[in-house]
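Source file: coords.pdb; contents: PDB, C-alpha atoms.
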ATOM      1  CA  TYR F   1     -33.431   2.072  66.093  1.00  0.00           C
ATOM      2  CA  MET F   2     -30.359   1.381  63.947  1.00  0.00           C
ATOM      3  CA  TRP F   3     -27.478  -0.792  65.125  1.00  0.00           C
ATOM      4  CA  THR F   4     -24.186  -0.205  63.326  1.00  0.00           C
ATOM      5  CA  SER F   5     -21.050  -2.348  63.261  1.00  0.00           C
ATOM      6  CA  GLN F   6     -18.134  -0.788  61.373  1.00  0.00           C
ATOM      7  CA  LYS F   7     -14.759  -1.985  60.203  1.00  0.00           C
ATOM      8  CA  VAL F   8     -11.889  -0.486  62.197  1.00  0.00           C
ATOM      9  CA  LYS F   9      -8.591  -0.192  60.308  1.00  0.00           C
ATOM     10  CA  GLY F  10     -10.046  -2.182  57.447  1.00  0.00           C
ATOM     11  CA  LYS F  11     -11.518  -5.132  59.339  1.00  0.00           C
ATOM     12  CA  TYR F  12     -14.242  -6.090  61.803  1.00  0.00           C
ATOM     13  CA  ALA F  13     -13.241  -6.639  65.422  1.00  0.00           C
ATOM     14  CA  ASP F  14     -14.500 -10.241  65.322  1.00  0.00           C
ATOM     15  CA  ALA F  15     -12.362 -12.692  63.339  1.00  0.00           C
ATOM     16  CA  LEU F  16     -15.475 -14.568  62.180  1.00  0.00           C
ATOM     17  CA  ALA F  17     -17.166 -11.326  61.062  1.00  0.00           C
ATOM     18  CA  SER F  18     -20.183 -11.983  63.268  1.00  0.00           C
ATOM     19  CA  MET F  19     -21.467 -11.260  66.758  1.00  0.00           C
ATOM     20  CA  LYS F  20     -24.028 -12.828  69.082  1.00  0.00           C
ATOM     21  CA  PHE F  21     -26.747 -10.339  69.936  1.00  0.00           C
ATOM     22  CA  VAL F  22     -29.703 -10.518  72.332  1.00  0.00           C
ATOM     23  CA  ALA F  23     -32.482  -7.907  72.377  1.00  0.00           C
ATOM     24  CA  MET F  24     -34.944  -8.336  75.260  1.00  0.00           C
ATOM     25  CA  PRO F  25     -38.100  -6.256  75.749  1.00  0.00           C
ATOM     26  CA  LEU F  26     -38.359  -4.504  79.118  1.00  0.00           C
ATOM     27  CA  ALA F  27     -41.172  -2.711  80.910  1.00  0.00           C
ATOM     28  CA  SER F  28     -38.966   0.288  81.696  1.00  0.00           C
ATOM     29  CA  ALA F  29     -35.542   1.691  80.877  1.00  0.00           C
ATOM     30  CA  THR F  30     -34.082   1.537  84.390  1.00  0.00           C
ATOM     31  CA  GLU F  31     -31.016   0.074  86.042  1.00  0.00           C
ATOM     32  CA  SER F  32     -33.129  -2.265  88.157  1.00  0.00           C
ATOM     33  CA  ALA F  33     -34.919  -3.612  85.065  1.00  0.00           C
ATOM     34  CA  LEU F  34     -31.553  -4.318  83.420  1.00  0.00           C
ATOM     35  CA  ASP F  35     -30.299  -6.089  86.546  1.00  0.00           C
ATOM     36  CA  ALA F  36     -33.405  -8.292  86.566  1.00  0.00           C
ATOM     37  CA  ALA F  37     -32.880  -9.234  82.907  1.00  0.00           C
ATOM     38  CA  GLU F  38     -29.130  -9.925  83.212  1.00  0.00           C
ATOM     39  CA  LYS F  39     -29.393 -13.635  84.004  1.00  0.00           C
ATOM     40  CA  ASP F  40     -31.826 -14.363  81.150  1.00  0.00           C
ATOM     41  CA  GLY F  41     -29.802 -12.224  78.746  1.00  0.00           C
ATOM     42  CA  ILE F  42     -26.560 -14.084  79.447  1.00  0.00           C
ATOM     43  CA  ALA F  43     -28.373 -17.427  79.136  1.00  0.00           C
ATOM     44  CA  ALA F  44     -29.775 -16.390  75.760  1.00  0.00           C
ATOM     45  CA  LEU F  45     -26.271 -15.539  74.495  1.00  0.00           C
ATOM     46  CA  GLY F  46     -25.293 -19.147  75.158  1.00  0.00           C
ATOM     47  CA  SER F  47     -28.200 -20.605  73.181  1.00  0.00           C
ATOM     48  CA  ALA F  48     -28.495 -21.315  69.444  1.00  0.00           C
ATOM     49  CA  CYS F  49     -28.637 -18.090  67.445  1.00  0.00           C
ATOM     50  CA  THR F  50     -30.570 -17.030  64.360  1.00  0.00           C
ATOM     51  CA  ASP F  51     -28.482 -15.427  61.603  1.00  0.00           C
ATOM     52  CA  VAL F  52     -29.331 -11.828  60.767  1.00  0.00           C
ATOM     53  CA  GLN F  53     -27.824 -10.353  57.620  1.00  0.00           C
ATOM     54  CA  HIS F  54     -26.957  -6.728  56.877  1.00  0.00           C
ATOM     55  CA  ALA F  55     -30.058  -4.492  56.536  1.00  0.00           C
ATOM     56  CA  GLU F  56     -32.405  -7.056  58.111  1.00  0.00           C
ATOM     57  CA  VAL F  57     -34.712  -6.358  61.066  1.00  0.00           C
ATOM     58  CA  ILE F  58     -34.324  -7.501  64.676  1.00  0.00           C
ATOM     59  CA  THR F  59     -37.423  -7.694  66.852  1.00  0.00           C
ATOM     60  CA  PRO F  60     -36.728  -7.809  70.619  1.00  0.00           C
ATOM     61  CA  THR F  61     -37.743 -11.246  71.921  1.00  0.00           C
ATOM     62  CA  ASN F  62     -37.248 -12.902  75.309  1.00  0.00           C
ATOM     63  CA  GLY F  63     -34.777 -15.776  75.320  1.00  0.00           C
ATOM     64  CA  LYS F  64     -33.812 -15.425  71.647  1.00  0.00           C
ATOM     65  CA  CYS F  65     -30.262 -15.026  70.372  1.00  0.00           C
ATOM     66  CA  PHE F  66     -29.465 -13.343  67.072  1.00  0.00           C
ATOM     67  CA  LYS F  67     -26.179 -13.676  65.214  1.00  0.00           C
ATOM     68  CA  LEU F  68     -25.250 -10.498  63.370  1.00  0.00           C
ATOM     69  CA  VAL F  69     -23.486 -11.546  60.176  1.00  0.00           C
ATOM     70  CA  PHE F  70     -21.324  -8.667  58.963  1.00  0.00           C
ATOM     71  CA  HIS F  71     -21.141  -7.787  55.270  1.00  0.00           C
ATOM     72  CA  GLN F  72     -17.503  -8.361  54.270  1.00  0.00           C
ATOM     73  CA  ASP F  73     -17.665  -6.146  51.172  1.00  0.00           C
ATOM     74  CA  LEU F  74     -19.003  -3.100  53.034  1.00  0.00           C
ATOM     75  CA  TRP F  75     -17.206  -0.855  55.498  1.00  0.00           C
ATOM     76  CA  GLN F  76     -20.144  -1.124  57.879  1.00  0.00           C
ATOM     77  CA  SER F  77     -23.101  -3.419  58.532  1.00  0.00           C
ATOM     78  CA  VAL F  78     -26.411  -1.946  59.631  1.00  0.00           C
ATOM     79  CA  TYR F  79     -29.357  -3.644  61.350  1.00  0.00           C
ATOM     80  CA  LYS F  80     -32.771  -2.222  62.196  1.00  0.00           C
ATOM     81  CA  ILE F  81     -34.173  -2.856  65.680  1.00  0.00           C
ATOM     82  CA  ASP F  82     -37.960  -2.742  65.673  1.00  0.00           C
ATOM     83  CA  ALA F  83     -38.774  -1.728  69.260  1.00  0.00           C
ATOM     84  CA  SER F  84     -42.264  -0.426  68.476  1.00  0.00           C
ATOM     85  CA  GLY F  85     -43.863  -3.159  70.592  1.00  0.00           C
ATOM     86  CA  THR F  86     -41.974  -2.511  73.825  1.00  0.00           C
ATOM     87  CA  SER F  87     -41.303   0.350  76.228  1.00  0.00           C
ATOM     88  CA  ALA F  88     -37.577  -0.374  76.544  1.00  0.00           C
ATOM     89  CA  VAL F  89     -34.946  -2.803  75.264  1.00  0.00           C
ATOM     90  CA  ALA F  90     -32.045  -4.549  77.006  1.00  0.00           C
ATOM     91  CA  LEU F  91     -29.180  -5.413  74.660  1.00  0.00           C
ATOM     92  CA  PHE F  92     -26.629  -8.134  75.439  1.00  0.00           C
ATOM     93  CA  THR F  93     -23.731  -8.526  73.004  1.00  0.00           C
ATOM     94  CA  GLU F  94     -20.806 -10.886  72.499  1.00  0.00           C
ATOM     95  CA  HIS F  95     -18.421  -7.929  72.070  1.00  0.00           C
ATOM     96  CA  VAL F  96     -18.220  -4.447  73.540  1.00  0.00           C
ATOM     97  CA  PRO F  97     -20.151  -2.352  70.963  1.00  0.00           C
ATOM     98  CA  THR F  98     -17.490   0.363  70.811  1.00  0.00           C
ATOM     99  CA  GLU F  99     -15.053  -2.167  69.307  1.00  0.00           C
ATOM    100  CA  PHE F 100     -17.006  -1.693  66.064  1.00  0.00           C
ATOM    101  CA  GLU F 101     -16.988   2.119  66.082  1.00  0.00           C
ATOM    102  CA  ALA F 102     -14.886   3.945  63.487  1.00  0.00           C
ATOM    103  CA  THR F 103     -16.806   7.051  62.462  1.00  0.00           C
ATOM    104  CA  ALA F 104     -20.287   6.530  63.912  1.00  0.00           C
ATOM    105  CA  HIS F 105     -21.908   5.552  67.207  1.00  0.00           C
ATOM    106  CA  TYR F 106     -23.124   1.954  67.395  1.00  0.00           C
ATOM    107  CA  LEU F 107     -26.768   2.836  68.207  1.00  0.00           C
ATOM    108  CA  LYS F 108     -28.886   5.582  66.658  1.00  0.00           C
ATOM    109  CA  ASP F 109     -32.553   6.464  66.446  1.00  0.00           C
ATOM    110  CA  LYS F 110     -34.512   6.870  63.220  1.00  0.00           C
ATOM    111  CA  SER F 111     -33.407  10.510  62.866  1.00  0.00           C
ATOM    112  CA  GLY F 112     -29.721   9.609  63.192  1.00  0.00           C
ATOM    113  CA  GLU F 113     -29.197  10.856  66.756  1.00  0.00           C
ATOM    114  CA  ASP F 114     -26.852   8.872  68.997  1.00  0.00           C
ATOM    115  CA  ILE F 115     -28.542   6.775  71.684  1.00  0.00           C
ATOM    116  CA  GLU F 116     -26.640   6.237  74.928  1.00  0.00           C
ATOM    117  CA  PRO F 117     -27.562   3.471  77.397  1.00  0.00           C
ATOM    118  CA  VAL F 118     -29.403   4.384  80.591  1.00  0.00           C
ATOM    119  CA  ALA F 119     -27.570   1.591  82.443  1.00  0.00           C
ATOM    120  CA  GLU F 120     -24.684  -0.751  81.610  1.00  0.00           C
ATOM    121  CA  LEU F 121     -23.260  -4.104  82.664  1.00  0.00           C
ATOM    122  CA  PRO F 122     -20.857  -4.713  84.241  1.00  0.00           C
ATOM    123  CA  LYS F 123     -21.276  -1.708  86.496  1.00  0.00           C
ATOM    124  CA  LYS F 124     -18.365   0.669  86.857  1.00  0.00           C
ATOM    125  CA  ALA F 125     -16.840   0.701  90.312  1.00  0.00           C
ATOM    126  CA  ALA F 126     -17.212   4.029  92.059  1.00  0.00           C
ATOM    127  CA  GLU F 127     -13.902   5.788  92.525  1.00  0.00           C
ATOM    128  CA  GLU F 128     -13.154   6.680  96.133  1.00  0.00           C
ATOM    129  CA  PRO F 129     -11.537  10.068  96.697  1.00  0.00           C
ATOM    130  CA  LYS F 130      -7.972   9.908  97.932  1.00  0.00           C
ATOM    131  CA  LYS F 131      -7.557  11.482 101.369  1.00  0.00           C
ATOM    132  CA  ASP F 132      -3.914  12.440 100.852  1.00  0.00           C
ATOM    133  CA  GLU F 133      -4.384  13.631  97.311  1.00  0.00           C
ATOM    134  CA  LYS F 134      -2.578  16.921  96.843  1.00  0.00           C
ATOM    135  CA  LYS F 135      -4.124  19.782  94.965  1.00  0.00           C
ATOM    136  CA  GLU F 136      -2.635  20.470  91.564  1.00  0.00           C
ATOM    137  CA  SER F 137      -0.108  23.286  91.857  1.00  0.00           C
ATOM    138  CA  LYS F 138      -0.578  26.348  89.682  1.00  0.00           C
ATOM    139  CA  PRO F 139       2.444  27.971  87.993  1.00  0.00           C
ATOM    140  CA  TYR F 140       1.588  31.441  89.256  1.00  0.00           C
ATOM    141  CA  ALA F 141       5.234  32.569  89.524  1.00  0.00           C
ATOM    142  CA  ASP F 142       6.034  31.532  85.941  1.00  0.00           C
ATOM    143  CA  VAL F 143       2.949  33.263  84.571  1.00  0.00           C
ATOM    144  CA  ILE F 144       3.589  36.505  86.473  1.00  0.00           C
ATOM    145  CA  GLY F 145       7.285  36.510  85.504  1.00  0.00           C
ATOM    146  CA  ALA F 146       6.493  35.929  81.815  1.00  0.00           C
ATOM    147  CA  SER F 147       3.880  38.703  81.893  1.00  0.00           C
ATOM    148  CA  ILE F 148       6.396  41.175  83.354  1.00  0.00           C
ATOM    149  CA  ILE F 149       8.968  40.341  80.678  1.00  0.00           C
ATOM    150  CA  VAL F 150       6.411  40.754  77.882  1.00  0.00           C
ATOM    151  CA  ASN F 151       5.239  44.072  79.322  1.00  0.00           C
ATOM    152  CA  HIS F 152       8.829  45.327  79.424  1.00  0.00           C
ATOM    153  CA  VAL F 153       9.223  44.453  75.740  1.00  0.00           C
ATOM    154  CA  THR F 154       6.155  46.532  74.894  1.00  0.00           C
ATOM    155  CA  LEU F 155       7.904  49.585  76.412  1.00  0.00           C
ATOM    156  CA  ILE F 156      10.371  49.647  73.489  1.00  0.00           C
ATOM    157  CA  GLY F 157       8.053  52.014  71.638  1.00  0.00           C
ATOM    158  CA  VAL F 158       8.119  54.415  74.608  1.00  0.00           C
ATOM    159  CA  ILE F 159      11.925  54.231  74.803  1.00  0.00           C
ATOM    160  CA  LEU F 160      12.198  55.435  71.205  1.00  0.00           C
ATOM    161  CA  ILE F 161      10.682  58.826  72.054  1.00  0.00           C
ATOM    162  CA  ILE F 162      13.271  59.596  74.751  1.00  0.00           C
ATOM    163  CA  PRO F 163      15.300  62.608  73.505  1.00  0.00           C
ATOM    164  CA  VAL F 164      18.679  60.892  73.902  1.00  0.00           C
ATOM    165  CA  VAL F 165      17.492  57.874  71.945  1.00  0.00           C
ATOM    166  CA  MET F 166      15.919  60.061  69.264  1.00  0.00           C
ATOM    167  CA  LYS F 167      19.206  61.999  68.827  1.00  0.00           C
ATOM    168  CA  PHE F 168      21.152  58.732  68.559  1.00  0.00           C
ATOM    169  CA  ALA F 169      18.697  57.502  65.962  1.00  0.00           C
ATOM    170  CA  ALA F 170      19.066  60.689  63.921  1.00  0.00           C
ATOM    171  CA  ASP F 171      22.866  60.484  64.018  1.00  0.00           C
ATOM    172  CA  HIS F 172      22.933  56.818  63.036  1.00  0.00           C
ATOM    173  CA  LEU F 173      19.791  56.601  60.946  1.00  0.00           C
ATOM    174  CA  GLU F 174      20.755  53.707  58.644  1.00  0.00           C
ATOM    175  CA  ALA F 175      22.071  51.507  61.467  1.00  0.00           C
ATOM    176  CA  PHE F 176      19.083  52.312  63.646  1.00  0.00           C
ATOM    177  CA  GLN F 177      16.591  51.507  60.908  1.00  0.00           C
ATOM    178  CA  GLY F 178      18.405  48.259  60.179  1.00  0.00           C
ATOM    179  CA  ILE F 179      18.160  47.211  63.828  1.00  0.00           C
ATOM    180  CA  LEU F 180      14.460  48.116  64.077  1.00  0.00           C
ATOM    181  CA  ASN F 181      13.547  46.430  60.781  1.00  0.00           C
ATOM    182  CA  GLY F 182      15.465  43.303  61.780  1.00  0.00           C
ATOM    183  CA  PHE F 183      13.700  43.222  65.137  1.00  0.00           C
ATOM    184  CA  ALA F 184      10.310  43.596  63.426  1.00  0.00           C
ATOM    185  CA  ALA F 185      11.087  40.841  60.903  1.00  0.00           C
ATOM    186  CA  GLY F 186      12.248  38.562  63.713  1.00  0.00           C
ATOM    187  CA  ALA F 187       9.027  39.168  65.625  1.00  0.00           C
ATOM    188  CA  ILE F 188       6.934  38.248  62.564  1.00  0.00           C
ATOM    189  CA  LEU F 189       8.959  35.094  61.855  1.00  0.00           C
ATOM    190  CA  ALA F 190       8.779  34.070  65.504  1.00  0.00           C
ATOM    191  CA  ALA F 191       4.995  34.458  65.458  1.00  0.00           C
ATOM    192  CA  ALA F 192       4.817  32.336  62.307  1.00  0.00           C
ATOM    193  CA  PHE F 193       7.013  29.511  63.613  1.00  0.00           C
ATOM    194  CA  PHE F 194       6.054  29.408  67.275  1.00  0.00           C
ATOM    195  CA  LEU F 195       2.355  30.231  66.975  1.00  0.00           C
ATOM    196  CA  LEU F 196       0.864  29.700  63.522  1.00  0.00           C
ATOM    197  CA  MET F 197       2.851  26.634  62.485  1.00  0.00           C
ATOM    198  CA  PHE F 198       2.454  25.010  65.889  1.00  0.00           C
ATOM    199  CA  GLU F 199      -1.310  25.525  65.816  1.00  0.00           C
ATOM    200  CA  ALA F 200      -1.370  24.095  62.292  1.00  0.00           C
ATOM    201  CA  THR F 201      -0.101  20.754  63.599  1.00  0.00           C
ATOM    202  CA  HIS F 202      -3.447  20.215  65.323  1.00  0.00           C
ATOM    203  CA  LEU F 203      -5.307  20.736  62.054  1.00  0.00           C
ATOM    204  CA  ILE F 204      -2.954  18.539  60.032  1.00  0.00           C
ATOM    205  CA  ALA F 205      -3.514  15.648  62.451  1.00  0.00           C
ATOM    206  CA  THR F 206      -7.284  15.932  62.123  1.00  0.00           C
ATOM    207  CA  GLY F 207      -8.712  12.996  60.210  1.00  0.00           C
ATOM    208  CA  TRP F 208      -5.516  10.938  60.064  1.00  0.00           C
ATOM    209  CA  LYS F 209      -4.687   8.578  62.928  1.00  0.00           C
ATOM    210  CA  GLU F 210      -1.539   7.032  61.463  1.00  0.00           C
ATOM    211  CA  GLU F 211       1.685   8.935  62.181  1.00  0.00           C
ATOM    212  CA  VAL F 212       3.048   8.537  58.641  1.00  0.00           C
ATOM    213  CA  ASP F 213      -0.071  10.182  57.168  1.00  0.00           C
ATOM    214  CA  GLN F 214       0.427  13.182  59.434  1.00  0.00           C
ATOM    215  CA  LEU F 215       4.179  13.489  58.829  1.00  0.00           C
ATOM    216  CA  TRP F 216       4.128  13.671  55.032  1.00  0.00           C
ATOM    217  CA  ARG F 217       1.392  16.300  55.119  1.00  0.00           C
ATOM    218  CA  TRP F 218       3.380  18.319  57.658  1.00  0.00           C
ATOM    219  CA  GLY F 219       6.510  18.002  55.507  1.00  0.00           C
ATOM    220  CA  THR F 220       4.583  19.132  52.441  1.00  0.00           C
ATOM    221  CA  CYS F 221       3.530  22.318  54.239  1.00  0.00           C
TER
END

Written form, structure tokens:
Amino acid sequence: YMWTSQKVKGKYADALASMKFVAMPLASATESALDAAEKDGIAALGSACTDVQHAEVITPTNGKCFKLVFHQDLWQSVYKIDASGTSAVALFTEHVPTEFEATAHYLKDKSGEDIEPVAELPKKAAEEPKKDEKKESKPYADVIGASIIVNHVTLIGVILIIPVVMKFAADHLEAFQGILNGFAAGAILAAAFFLLMFEATHLIATGWKEEVDQLWRWGTC
């Protein structure tokens, strides 16, 4: 396996650029096995630790604490976990592993696939359903009303073939064409501003978390 600790916003989550790390071999990857190892794992975190540098190998060992020393000149530090001699591994860490995630998951297998824990400590409290919780209301009236209005707008093309309207258009051809062309141009501009440009904001924000980075790109567009 590969353990990764990355810099987030240019620095590691730990001020000392290191983290205590315990890897204990287990007979099985189950919640009960993790519970049984919890006491020994916490005790090992409080013992003297062996420094492990970037790119070095960690072999799961009972009662042994490792100290991951992060490489200050790299944007991430990577450590190999050699679990070939055990069926499962319990990992106890000084920090929550996700504190060191920027672009990649903290634990991967040899092919680069993310590995998620079978069980975690501390356990998440089960959420009890609220008896008086009201169902989320649906805006049916607003949706139906908007649909009716839009459908009425689509009838404009039918209105144009009414004889009275056709005669008026023939008598006032230039004015009529000006009104229709203006309406068509307005529809296109409205689609551009209210649909295309709005959807573009989602794409502009992709990849940039800071507001200033998003704003200058939006202003450039």

Starting from the PyMOL selection byres ((chain F and resi 38) around 12), expand the selection into actual residues of this file and give them as a PyMOL selection string.
chain F and resi 22-24+26+31-37+39-45+62-63+90-93+119-123

What is the CA of Ala48 in chain F-CA of Met19 in chain F distance in Å, reported with one decimal?
12.6 Å

Specify as a list of chain:residue names each residue included when the PyMOL selection byres ((chain F and resi 9-17) around 8) is applied to this file.
F:Ser5, F:Gln6, F:Lys7, F:Val8, F:Ser18, F:Met19, F:Val69, F:Phe70, F:His71, F:Gln72, F:Trp75, F:Glu99, F:Phe100

Since we have the selection now, will you write its residues out, keeping C-alpha atoms, as an mmCIF file, in the coordinates of the input?
data_model
loop_
_atom_site.group_PDB
_atom_site.id
_atom_site.type_symbol
_atom_site.label_atom_id
_atom_site.label_comp_id
_atom_site.auth_asym_id
_atom_site.auth_seq_id
_atom_site.Cartn_x
_atom_site.Cartn_y
_atom_site.Cartn_z
ATOM 1 C CA SER F 5 -21.050 -2.348 63.261
ATOM 2 C CA GLN F 6 -18.134 -0.788 61.373
ATOM 3 C CA LYS F 7 -14.759 -1.985 60.203
ATOM 4 C CA VAL F 8 -11.889 -0.486 62.197
ATOM 5 C CA SER F 18 -20.183 -11.983 63.268
ATOM 6 C CA MET F 19 -21.467 -11.260 66.758
ATOM 7 C CA VAL F 69 -23.486 -11.546 60.176
ATOM 8 C CA PHE F 70 -21.324 -8.667 58.963
ATOM 9 C CA HIS F 71 -21.141 -7.787 55.270
ATOM 10 C CA GLN F 72 -17.503 -8.361 54.270
ATOM 11 C CA TRP F 75 -17.206 -0.855 55.498
ATOM 12 C CA GLU F 99 -15.053 -2.167 69.307
ATOM 13 C CA PHE F 100 -17.006 -1.693 66.064
#

What separation in Å, quoted to one decimal, exists between CA of Thr103 in chain F and CA of Ile58 in chain F?
22.9 Å

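For the pair CA of Ala141 in chain F and CA of Val153 in chain F, the separation is 18.6 Å.
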
Around the point (-29.7, -15.3, 58.6) in the file's coordinates, collect all residues with an atom within 8 Å, using only C-alpha atoms, and return them as a list in words.
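Protein and nucleic acid residues near the point are Thr50, Asp51, Val52, Gln53, Lys67 and Val69 of chain F.
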
Evaluate the PyMOL selection byres ((chain F and resi 105) around 12) and record the selected residues as a list in words, following the chain and residue labels used in the document.
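The output of the PyMOL selection byres ((chain F and resi 105) around 12) on this file is Met2, Trp3, Thr4, Ser5, Gln6, Gln76, Val78, Pro97, Thr98, Glu99, Phe100, Glu101, Ala102, Thr103, Ala104, Tyr106, Leu107, Lys108, Asp109, Gly112, Glu113, Asp114, Ile115, Glu116 and Pro117 of chain F.
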
Please produce a file of the residues just selected, as an mmCIF file, in the coordinates of the input, where the atoms kept are C-alpha atoms.
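Here's the written file result_36.cif:
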data_model
loop_
_atom_site.group_PDB
_atom_site.id
_atom_site.type_symbol
_atom_site.label_atom_id
_atom_site.label_comp_id
_atom_site.auth_asym_id
_atom_site.auth_seq_id
_atom_site.Cartn_x
_atom_site.Cartn_y
_atom_site.Cartn_z
ATOM 1 C CA MET F 2 -30.359 1.381 63.947
ATOM 2 C CA TRP F 3 -27.478 -0.792 65.125
ATOM 3 C CA THR F 4 -24.186 -0.205 63.326
ATOM 4 C CA SER F 5 -21.050 -2.348 63.261
ATOM 5 C CA GLN F 6 -18.134 -0.788 61.373
ATOM 6 C CA GLN F 76 -20.144 -1.124 57.879
ATOM 7 C CA VAL F 78 -26.411 -1.946 59.631
ATOM 8 C CA PRO F 97 -20.151 -2.352 70.963
ATOM 9 C CA THR F 98 -17.490 0.363 70.811
ATOM 10 C CA GLU F 99 -15.053 -2.167 69.307
ATOM 11 C CA PHE F 100 -17.006 -1.693 66.064
ATOM 12 C CA GLU F 101 -16.988 2.119 66.082
ATOM 13 C CA ALA F 102 -14.886 3.945 63.487
ATOM 14 C CA THR F 103 -16.806 7.051 62.462
ATOM 15 C CA ALA F 104 -20.287 6.530 63.912
ATOM 16 C CA TYR F 106 -23.124 1.954 67.395
ATOM 17 C CA LEU F 107 -26.768 2.836 68.207
ATOM 18 C CA LYS F 108 -28.886 5.582 66.658
ATOM 19 C CA ASP F 109 -32.553 6.464 66.446
ATOM 20 C CA GLY F 112 -29.721 9.609 63.192
ATOM 21 C CA GLU F 113 -29.197 10.856 66.756
ATOM 22 C CA ASP F 114 -26.852 8.872 68.997
ATOM 23 C CA ILE F 115 -28.542 6.775 71.684
ATOM 24 C CA GLU F 116 -26.640 6.237 74.928
ATOM 25 C CA PRO F 117 -27.562 3.471 77.397
#

Env of range 176-191 of chain F: 12 Å cut, atoms = all atoms listed in the file, seq-sep filter 4 positions within chain, self excluded. Answer as a PyMOL selection string.
chain F and resi 153+156-157+160+165-172+195-199

Just to be explicit: take each residue in the selection above, keep C-alpha atoms, and write the result as a PDB file, keeping the file's coordinate frame.
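Produced file selection_22.pdb, reproduced below:
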ATOM      1  CA  VAL F 153       9.223  44.453  75.740  1.00  0.00           C
ATOM      2  CA  ILE F 156      10.371  49.647  73.489  1.00  0.00           C
ATOM      3  CA  GLY F 157       8.053  52.014  71.638  1.00  0.00           C
ATOM      4  CA  LEU F 160      12.198  55.435  71.205  1.00  0.00           C
ATOM      5  CA  VAL F 165      17.492  57.874  71.945  1.00  0.00           C
ATOM      6  CA  MET F 166      15.919  60.061  69.264  1.00  0.00           C
ATOM      7  CA  LYS F 167      19.206  61.999  68.827  1.00  0.00           C
ATOM      8  CA  PHE F 168      21.152  58.732  68.559  1.00  0.00           C
ATOM      9  CA  ALA F 169      18.697  57.502  65.962  1.00  0.00           C
ATOM     10  CA  ALA F 170      19.066  60.689  63.921  1.00  0.00           C
ATOM     11  CA  ASP F 171      22.866  60.484  64.018  1.00  0.00           C
ATOM     12  CA  HIS F 172      22.933  56.818  63.036  1.00  0.00           C
ATOM     13  CA  LEU F 195       2.355  30.231  66.975  1.00  0.00           C
ATOM     14  CA  LEU F 196       0.864  29.700  63.522  1.00  0.00           C
ATOM     15  CA  MET F 197       2.851  26.634  62.485  1.00  0.00           C
ATOM     16  CA  PHE F 198       2.454  25.010  65.889  1.00  0.00           C
ATOM     17  CA  GLU F 199      -1.310  25.525  65.816  1.00  0.00           C
TER      18      GLU F 199
END

Using the partial input, fill out range 175-179 of chain F with all heavy atoms; write the result as a compact mmCIF listing (two decimals), keeping the file's coordinate frame.
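What landed in selection-v4.txt:
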# COMPACT_ATOMS: atom_id res chain seq x y z
N ALA F 175 21.85 52.61 60.53
CA ALA F 175 22.07 51.51 61.47
C ALA F 175 20.84 51.29 62.35
O ALA F 175 20.44 50.15 62.62
CB ALA F 175 23.30 51.79 62.33
N PHE F 176 20.24 52.39 62.77
CA PHE F 176 19.08 52.31 63.65
C PHE F 176 17.90 51.67 62.93
O PHE F 176 17.20 50.82 63.48
CB PHE F 176 18.72 53.72 64.14
CG PHE F 176 17.96 53.71 65.43
CD1 PHE F 176 18.60 53.49 66.64
CD2 PHE F 176 16.59 53.92 65.45
CE1 PHE F 176 17.91 53.49 67.83
CE2 PHE F 176 15.88 53.90 66.64
CZ PHE F 176 16.55 53.69 67.83
N GLN F 177 17.70 52.10 61.67
CA GLN F 177 16.59 51.51 60.91
C GLN F 177 16.83 50.02 60.65
O GLN F 177 15.89 49.21 60.66
CB GLN F 177 16.42 52.26 59.59
CG GLN F 177 15.79 53.63 59.74
CD GLN F 177 15.58 54.33 58.42
OE1 GLN F 177 16.22 53.99 57.42
NE2 GLN F 177 14.69 55.31 58.41
N GLY F 178 18.09 49.67 60.40
CA GLY F 178 18.40 48.26 60.18
C GLY F 178 18.09 47.41 61.40
O GLY F 178 17.55 46.30 61.29
N ILE F 179 18.43 47.93 62.59
CA ILE F 179 18.16 47.21 63.83
C ILE F 179 16.66 47.06 64.05
O ILE F 179 16.16 45.98 64.37
CB ILE F 179 18.80 47.93 65.02
CG1 ILE F 179 20.33 47.88 64.90
CG2 ILE F 179 18.36 47.30 66.34
CD1 ILE F 179 21.04 48.71 65.93
